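Colleague: Below is the file coords.cif, with mmCIF, C-alpha atoms and all ligand atoms.
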data_my_file
#
loop_
_atom_site.label_atom_id
_atom_site.label_comp_id
_atom_site.auth_asym_id
_atom_site.auth_seq_id
_atom_site.Cartn_x
_atom_site.Cartn_y
_atom_site.Cartn_z
CA MET A 55 7.13 -18.11 -17.20
CA LYS A 56 6.30 -14.89 -15.29
CA LYS A 57 8.60 -14.01 -12.38
CA LYS A 58 7.05 -14.92 -9.03
CA SER A 59 5.77 -11.75 -7.39
CA LEU A 60 2.70 -10.24 -5.73
CA ALA A 61 2.68 -7.76 -8.64
CA ASN A 62 1.57 -10.65 -10.83
CA LEU A 63 -2.22 -10.36 -10.74
CA GLU A 64 -2.61 -14.11 -11.43
CA VAL A 65 -1.61 -14.66 -7.79
CA TYR A 66 -4.87 -13.07 -6.62
CA LYS A 67 -6.86 -15.48 -8.77
CA SER A 68 -5.04 -18.76 -8.34
CA LYS A 69 -3.55 -18.46 -4.83
CA THR A 70 -6.34 -16.75 -2.94
CA LYS A 71 -6.19 -19.17 0.01
CA THR A 72 -2.43 -18.81 0.46
CA TYR A 73 -2.74 -15.06 0.10
CA GLU A 74 -5.35 -15.06 2.85
CA GLU A 75 -2.96 -16.97 5.15
CA PHE A 76 -0.22 -14.45 4.35
CA VAL A 77 -2.55 -11.54 5.18
CA LYS A 78 -3.49 -13.14 8.51
CA ALA A 79 0.19 -13.13 9.52
CA GLU A 80 0.45 -9.36 9.12
CA ASP A 81 0.61 -7.25 12.24
CA HIS A 82 0.25 -3.96 10.43
CA PRO A 83 -3.57 -3.80 10.06
CA ARG A 84 -3.75 -3.16 13.83
CA LYS A 85 -1.15 -0.37 13.61
CA ILE A 86 -2.80 1.18 10.57
CA GLU A 87 -6.19 0.94 12.26
CA LYS A 88 -4.94 3.02 15.20
CA PHE A 89 -3.68 5.75 12.88
CA THR A 90 -6.53 5.79 10.35
CA LEU A 91 -9.71 4.97 12.29
CA PRO A 92 -10.30 8.53 13.60
CA TYR A 93 -10.46 9.77 9.97
CA ILE A 94 -12.80 6.97 8.91
CA LYS A 95 -15.45 7.18 11.63
CA ASN A 96 -18.85 8.04 10.11
CA LYS A 97 -17.29 8.85 6.74
CA ILE A 98 -17.96 7.59 3.22
CA VAL A 99 -14.85 5.51 2.49
CA LEU A 100 -13.45 3.91 -0.66
CA ASP A 101 -10.97 1.04 -0.18
CA VAL A 102 -9.06 0.70 -3.47
CA GLY A 103 -7.75 -2.86 -3.97
CA CYS A 104 -9.51 -4.29 -0.90
CA GLY A 105 -8.07 -7.79 -1.45
CA VAL A 106 -9.52 -10.39 0.92
CA GLY A 107 -11.24 -7.61 2.86
CA LYS A 108 -9.16 -7.27 6.02
CA TYR A 109 -9.74 -3.50 6.19
CA ALA A 110 -13.40 -3.78 5.15
CA LYS A 111 -13.85 -5.92 8.25
CA ILE A 112 -11.95 -3.49 10.50
CA PHE A 113 -13.16 -0.14 9.13
CA GLY A 114 -16.55 -1.05 7.62
CA PRO A 115 -18.55 -1.03 10.89
CA SER A 116 -17.22 2.45 11.91
CA SER A 117 -17.76 4.08 8.53
CA LYS A 118 -20.92 5.71 7.22
CA LYS A 119 -20.58 3.74 3.96
CA TYR A 120 -17.63 1.58 2.86
CA PHE A 121 -16.96 0.86 -0.83
CA ALA A 122 -14.51 -2.05 -1.15
CA LEU A 123 -13.20 -2.19 -4.73
CA ASP A 124 -10.94 -4.79 -6.32
CA VAL A 125 -10.09 -5.86 -9.85
CA SER A 126 -9.99 -9.55 -8.82
CA GLU A 127 -13.32 -11.36 -8.54
CA GLU A 128 -11.63 -14.15 -6.58
CA GLN A 129 -10.36 -11.73 -3.92
CA LEU A 130 -13.79 -10.10 -3.70
CA LYS A 131 -15.45 -13.49 -3.15
CA LEU A 132 -13.25 -14.08 -0.09
CA ALA A 133 -13.68 -10.47 1.05
CA LYS A 134 -17.46 -10.90 1.02
CA LYS A 135 -17.13 -14.04 3.11
CA ASN A 136 -14.70 -12.43 5.58
CA GLU A 137 -16.51 -9.18 6.13
CA GLY A 138 -19.33 -10.89 8.00
CA ASN A 139 -22.25 -9.12 6.33
CA VAL A 140 -21.67 -5.58 7.51
CA LYS A 141 -24.54 -3.71 5.85
CA LYS A 142 -22.46 -0.58 5.25
CA VAL A 143 -19.94 -2.41 3.03
CA LYS A 144 -20.58 -2.46 -0.72
CA PHE A 145 -18.22 -4.49 -2.90
CA ILE A 146 -17.26 -3.22 -6.35
CA HIS A 147 -15.60 -5.33 -9.03
CA SER A 148 -13.58 -2.79 -11.00
CA SER A 149 -10.15 -1.39 -11.68
CA ALA A 150 -8.69 1.54 -9.77
CA GLU A 151 -8.14 3.13 -13.16
CA LYS A 152 -11.89 3.35 -13.79
CA ILE A 153 -13.77 3.76 -10.53
CA PRO A 154 -17.56 3.49 -11.01
CA LEU A 155 -18.40 6.23 -8.48
CA SER A 156 -19.51 9.85 -9.03
CA ASP A 157 -17.17 12.84 -8.80
CA LYS A 158 -16.65 14.14 -5.26
CA SER A 159 -18.70 11.37 -3.66
CA VAL A 160 -16.34 9.97 -0.99
CA ASP A 161 -14.73 11.53 2.09
CA VAL A 162 -11.75 9.18 2.46
CA VAL A 163 -9.83 6.90 0.11
CA PHE A 164 -7.79 4.12 1.65
CA SER A 165 -5.49 1.92 -0.41
CA SER A 166 -3.08 -0.55 1.10
CA TRP A 167 -0.33 -2.11 -0.98
CA VAL A 168 -2.06 -1.56 -4.31
CA ILE A 169 -0.54 1.46 -6.08
CA SER A 170 2.84 -0.30 -5.92
CA VAL A 171 1.25 -3.42 -7.44
CA ILE A 172 -0.16 -1.51 -10.44
CA LYS A 173 2.41 -1.82 -13.19
CA GLY A 174 3.72 1.30 -14.93
CA PHE A 175 3.69 4.91 -13.79
CA ARG A 176 1.10 5.89 -16.42
CA ARG A 177 -1.39 3.42 -14.92
CA LYS A 178 -0.48 4.38 -11.34
CA LYS A 179 -1.08 8.04 -12.27
CA LYS A 180 -4.46 7.16 -13.81
CA ALA A 181 -5.46 5.41 -10.55
CA LEU A 182 -4.45 8.48 -8.51
CA GLN A 183 -6.41 10.72 -10.89
CA GLU A 184 -9.49 8.54 -10.43
CA ILE A 185 -9.03 8.65 -6.66
CA ASP A 186 -8.79 12.43 -6.82
CA ARG A 187 -11.90 12.63 -9.00
CA VAL A 188 -14.14 10.68 -6.61
CA LEU A 189 -12.80 12.44 -3.52
CA LYS A 190 -14.73 15.40 -2.05
CA GLU A 191 -12.91 18.72 -1.52
CA SER A 192 -10.79 18.48 1.65
CA GLY A 193 -11.11 14.68 1.46
CA LYS A 194 -8.22 12.51 2.65
CA ILE A 195 -6.17 9.82 0.90
CA PHE A 196 -4.23 7.13 2.76
CA VAL A 197 -1.86 5.01 0.68
CA VAL A 198 -0.07 2.25 2.60
CA GLU A 199 3.13 0.85 1.09
CA GLY A 200 6.23 -1.03 2.21
CA ASP A 201 9.27 1.06 3.13
CA SER A 202 12.45 0.24 1.25
CA LYS A 203 14.06 -0.60 4.61
CA GLY A 204 13.30 -3.69 6.66
CA GLU A 205 13.86 -7.41 6.52
CA PHE A 206 10.86 -8.19 4.31
CA GLU A 207 11.93 -5.90 1.44
CA GLU A 208 15.56 -6.92 1.84
CA MET A 209 14.74 -10.64 1.59
CA ARG A 210 12.78 -10.10 -1.62
CA GLY A 211 15.49 -7.83 -3.05
CA HIS A 212 12.94 -5.08 -3.68
CA LEU A 213 14.83 -2.23 -2.03
CA LYS A 214 15.53 -0.21 -5.18
CA ARG A 215 12.15 -0.80 -6.80
CA THR A 216 10.30 0.13 -3.60
CA GLU A 217 12.38 3.29 -3.09
CA TYR A 218 11.75 4.32 -6.71
CA HIS A 219 7.99 3.85 -6.31
CA ASN A 220 7.88 5.64 -2.93
CA ASN A 221 9.89 8.58 -4.28
CA TRP A 222 7.35 8.84 -7.08
CA LEU A 223 4.54 9.00 -4.48
CA ARG A 224 6.46 11.73 -2.62
CA LYS A 225 6.60 13.70 -5.87
CA GLN A 226 2.80 13.43 -6.12
CA GLY A 227 2.60 15.51 -2.94
CA PHE A 228 2.10 12.81 -0.30
CA LYS A 229 3.31 13.27 3.25
CA GLU A 230 4.41 10.18 5.16
CA ARG A 231 4.46 8.37 8.45
CA LYS A 232 6.74 5.38 9.00
CA ILE A 233 5.69 2.38 11.08
CA LYS A 234 7.71 -0.66 12.19
CA THR A 235 5.79 -3.90 12.10
CA TYR A 236 6.18 -7.63 11.35
CA PHE A 237 4.61 -10.81 9.95
CA LYS A 238 4.11 -13.63 12.44
CA PHE A 239 3.45 -17.01 10.84
CA LYS A 240 2.24 -20.14 12.66
CA ASN A 241 5.75 -21.54 12.43
CA MET A 242 8.82 -21.28 10.23
CA LYS A 243 7.69 -24.16 8.00
CA LYS A 244 4.46 -22.31 7.21
CA ALA A 245 6.34 -19.06 6.53
CA LYS A 246 8.63 -20.88 4.11
CA GLU A 247 5.70 -22.59 2.37
CA ILE A 248 3.93 -19.26 1.78
CA PHE A 249 7.07 -17.43 0.66
CA ASN A 250 7.95 -20.29 -1.65
CA GLU A 251 4.55 -20.02 -3.37
CA PHE A 252 4.83 -16.27 -3.89
CA TRP A 253 8.53 -15.62 -4.36
CA GLY A 254 10.21 -19.00 -4.94
CA LYS A 255 12.74 -21.15 -3.13
CA SER A 256 15.74 -18.80 -3.23
CA ILE A 257 13.76 -16.27 -1.17
CA SER A 258 11.92 -18.68 1.13
CA ASN A 259 15.30 -20.26 2.01
CA LYS A 260 16.35 -16.95 3.58
CA ILE A 261 13.71 -17.29 6.31
CA LYS A 262 15.27 -17.82 9.76
CA SER A 263 12.25 -17.38 12.03
CA GLU A 264 8.45 -17.40 11.98
CA ILE A 265 8.65 -13.62 12.58
CA ILE A 266 9.69 -11.41 9.66
CA LYS A 267 10.21 -7.73 10.33
CA GLN A 268 8.64 -5.19 8.04
CA GLU A 269 8.68 -1.40 7.81
CA ILE A 270 5.76 0.37 6.21
CA ILE A 271 4.80 3.91 5.25
CA ILE A 272 1.36 5.49 5.42
CA PHE A 273 1.35 8.17 2.71
CA THR A 274 -1.30 10.82 3.29
CA LYS A 275 -2.66 13.70 1.28
CA THR A 276 -5.59 16.10 1.64
CA LYS A 277 -7.42 17.22 -1.52
C1 LIG A 301 -1.04 -6.81 -2.29
S1 LIG A 301 -2.79 -6.95 -2.44
C2 LIG A 301 -3.34 -5.86 -1.16
C3 LIG A 301 -4.74 -6.16 -0.69
C4 LIG A 301 -5.24 -5.36 0.51
N1 LIG A 301 -5.38 -3.96 0.22
C5 LIG A 301 -4.31 -5.58 1.69
O1 LIG A 301 -3.65 -4.64 2.16
O2 LIG A 301 -4.28 -6.73 2.15
C6 LIG A 301 -3.14 -6.05 -3.92
C7 LIG A 301 -4.61 -6.04 -4.30
O3 LIG A 301 -4.80 -5.05 -5.32
C8 LIG A 301 -5.67 -5.57 -6.31
N2 LIG A 301 -5.37 -4.81 -7.53
C9 LIG A 301 -4.28 -4.87 -8.30
N3 LIG A 301 -4.36 -4.02 -9.33
C10 LIG A 301 -5.55 -3.38 -9.20
C11 LIG A 301 -6.23 -2.38 -9.95
N4 LIG A 301 -5.71 -1.86 -11.05
N5 LIG A 301 -7.44 -1.98 -9.52
C12 LIG A 301 -8.01 -2.49 -8.40
N6 LIG A 301 -7.42 -3.46 -7.65
C13 LIG A 301 -6.20 -3.89 -8.04
C14 LIG A 301 -5.33 -7.06 -6.36
O4 LIG A 301 -6.36 -7.81 -6.95
C15 LIG A 301 -5.12 -7.35 -4.88
O5 LIG A 301 -6.32 -7.72 -4.26
#
Translate this structure into structure tokens?
Modeller:
Amino acid sequence: MKKKSLANLEVYKSKTKTYEEFVKAEDHPRKIEKFTLPYIKNKIVLDVGCGVGKYAKIFGPSSKKYFALDVSEEQLKLAKKNEGNVKKVKFIHSSAEKIPLSDKSVDVVFSSWVISVIKGFRRKKKALQEIDRVLKESGKIFVVEGDSKGEFEEMRGHLKRTEYHNNWLRKQGFKERKIKTYFKFKNMKKAKEIFNEFWGKSISNKIKSEIIKQEIIIFTKTK
């Protein structure tokens, strides 16, 4: 049996509803919105690994055109439902490693919690190469990832893995901005239920409150 993890792509097919509940508990979209929105206004944007579409909903209306790409059809189905028919948003079912857009056709690439989910540095590198290919000269990339500090990473025991991945991103020339945030679930029972589904009992048993602190990093780079 595969280890329970959000890096297991099956999760995005079989647990879409639970994943959506998890996403709704996140505070960080609002913090990321504040930082990123000025760069997105009236721009052609590509959201790599859009998931259930939380950023398509936030950024789509302000953009000139918003391409929301994901490898999971199930996530895209929910994203389409959530986005509320914003005409500027176009959904793309594809992998980040083969983006069906022309060279130098987008102003901004945004990707939250996806590069860390792609397994293997060869595949991560391929995704970054594709991002670079579709980006216009002087275009911007925003890659949001968890910091290796913070309660959320500590509970899941991902400190080393996260630091390794983030150091790799630093070596690819990304600058960074750290943000403190949290998940707020309806109650502790709900938080435990969701964590149990994704990471198993030993991790969900560590939950002591409906609020779980998280630290994130927005990695940025200009082409
Ligand atoms: C942790 S979720 C993040 C979703 C969303 N960006 C967010 O912040 O809520 C990871 C997403 O990346 C997608 N994904 C994983 N590997 C991918 C790949 N190679 N290409 C495109 N999407 C991928 C998954 O289907 C999933 O929707």
Colleague: What is the CA of Asp186 (chain A) to CA of Leu213 (chain A) distance in Å?
Modeller: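 Taking CA of Asp186 (chain A) as the start and CA of Leu213 (chain A) as the end point, the length is 28.2 Å.
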Colleague: Just the residues within 10 Å of Ala122 (chain A), please, counting all atoms listed in the file, with nothing from its chain fewer than 4 positions along; format it as a compact mmCIF listing (two decimals) with C-alpha atoms, keeping the file's coordinate frame.
Modeller:
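Output contents, as saved in selection.txt:
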# COMPACT_ATOMS: atom_id res chain seq x y z
CA VAL A 99 -14.85 5.51 2.49
CA LEU A 100 -13.45 3.91 -0.66
CA ASP A 101 -10.97 1.04 -0.18
CA VAL A 102 -9.06 0.70 -3.47
CA GLY A 103 -7.75 -2.86 -3.97
CA CYS A 104 -9.51 -4.29 -0.90
CA GLY A 105 -8.07 -7.79 -1.45
CA VAL A 106 -9.52 -10.39 0.92
CA GLY A 107 -11.24 -7.61 2.86
CA TYR A 109 -9.74 -3.50 6.19
CA ALA A 110 -13.40 -3.78 5.15
CA GLY A 114 -16.55 -1.05 7.62
CA LEU A 130 -13.79 -10.10 -3.70
CA ALA A 133 -13.68 -10.47 1.05
CA LYS A 134 -17.46 -10.90 1.02
CA VAL A 143 -19.94 -2.41 3.03
CA LYS A 144 -20.58 -2.46 -0.72
CA PHE A 145 -18.22 -4.49 -2.90
CA ILE A 146 -17.26 -3.22 -6.35
CA HIS A 147 -15.60 -5.33 -9.03
CA SER A 148 -13.58 -2.79 -11.00
CA PHE A 164 -7.79 4.12 1.65
CA SER A 165 -5.49 1.92 -0.41
Colleague: Of the candidates A:Gly254, A:Gly174, A:Pro92, A:Gly227, which one gets nearest to ligand LIG 301 (chain A) if we count only C-alpha atoms and all ligand atoms?
Modeller: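 That would be A:Gly174, the residue with the smallest distance to ligand LIG 301 (chain A).
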Colleague: Set the cut-off to 8 Å, count all atoms listed in the file, and list whatever residues fall near ligand LIG 301 (chain A) as number ranges by chain.
Modeller: A: 60-61, 63, 66-67, 77, 83, 101-109, 123-127, 129-130, 148-151, 165-169, 171-172, 177, 181, 198
Colleague: Using only C-alpha atoms, find the one residue out of A:Lys229, A:Lys131, A:Lys255, A:His82 that sits nearest to Ile195 (chain A).
Modeller: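 Counting only C-alpha atoms, the residue closest to Ile195 (chain A) is A:Lys229.
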Colleague: Please list as a VMD selection string every residue within 10 Å of region 240-251 of chain A, counting all atoms listed in the file and excluding residues in the same chain fewer than 6 positions away.
Modeller: chain A and resid 58 to 59 65 69 72 to 73 75 to 76 78 to 79 210 257 to 266
Colleague: Could you check how far CA of Glu184 (chain A) sits from CA of Phe113 (chain A), in Å to one decimal?
Modeller: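 Computed distance, CA of Glu184 (chain A) to CA of Phe113 (chain A), equals 21.7 Å.
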Colleague: Find the residue from A:Met209, A:Ile271, A:Leu223, A:Val160 that sits nearest to Gly193 (chain A); use only C-alpha atoms when measuring.
Modeller: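 Closest candidate: A:Val160.
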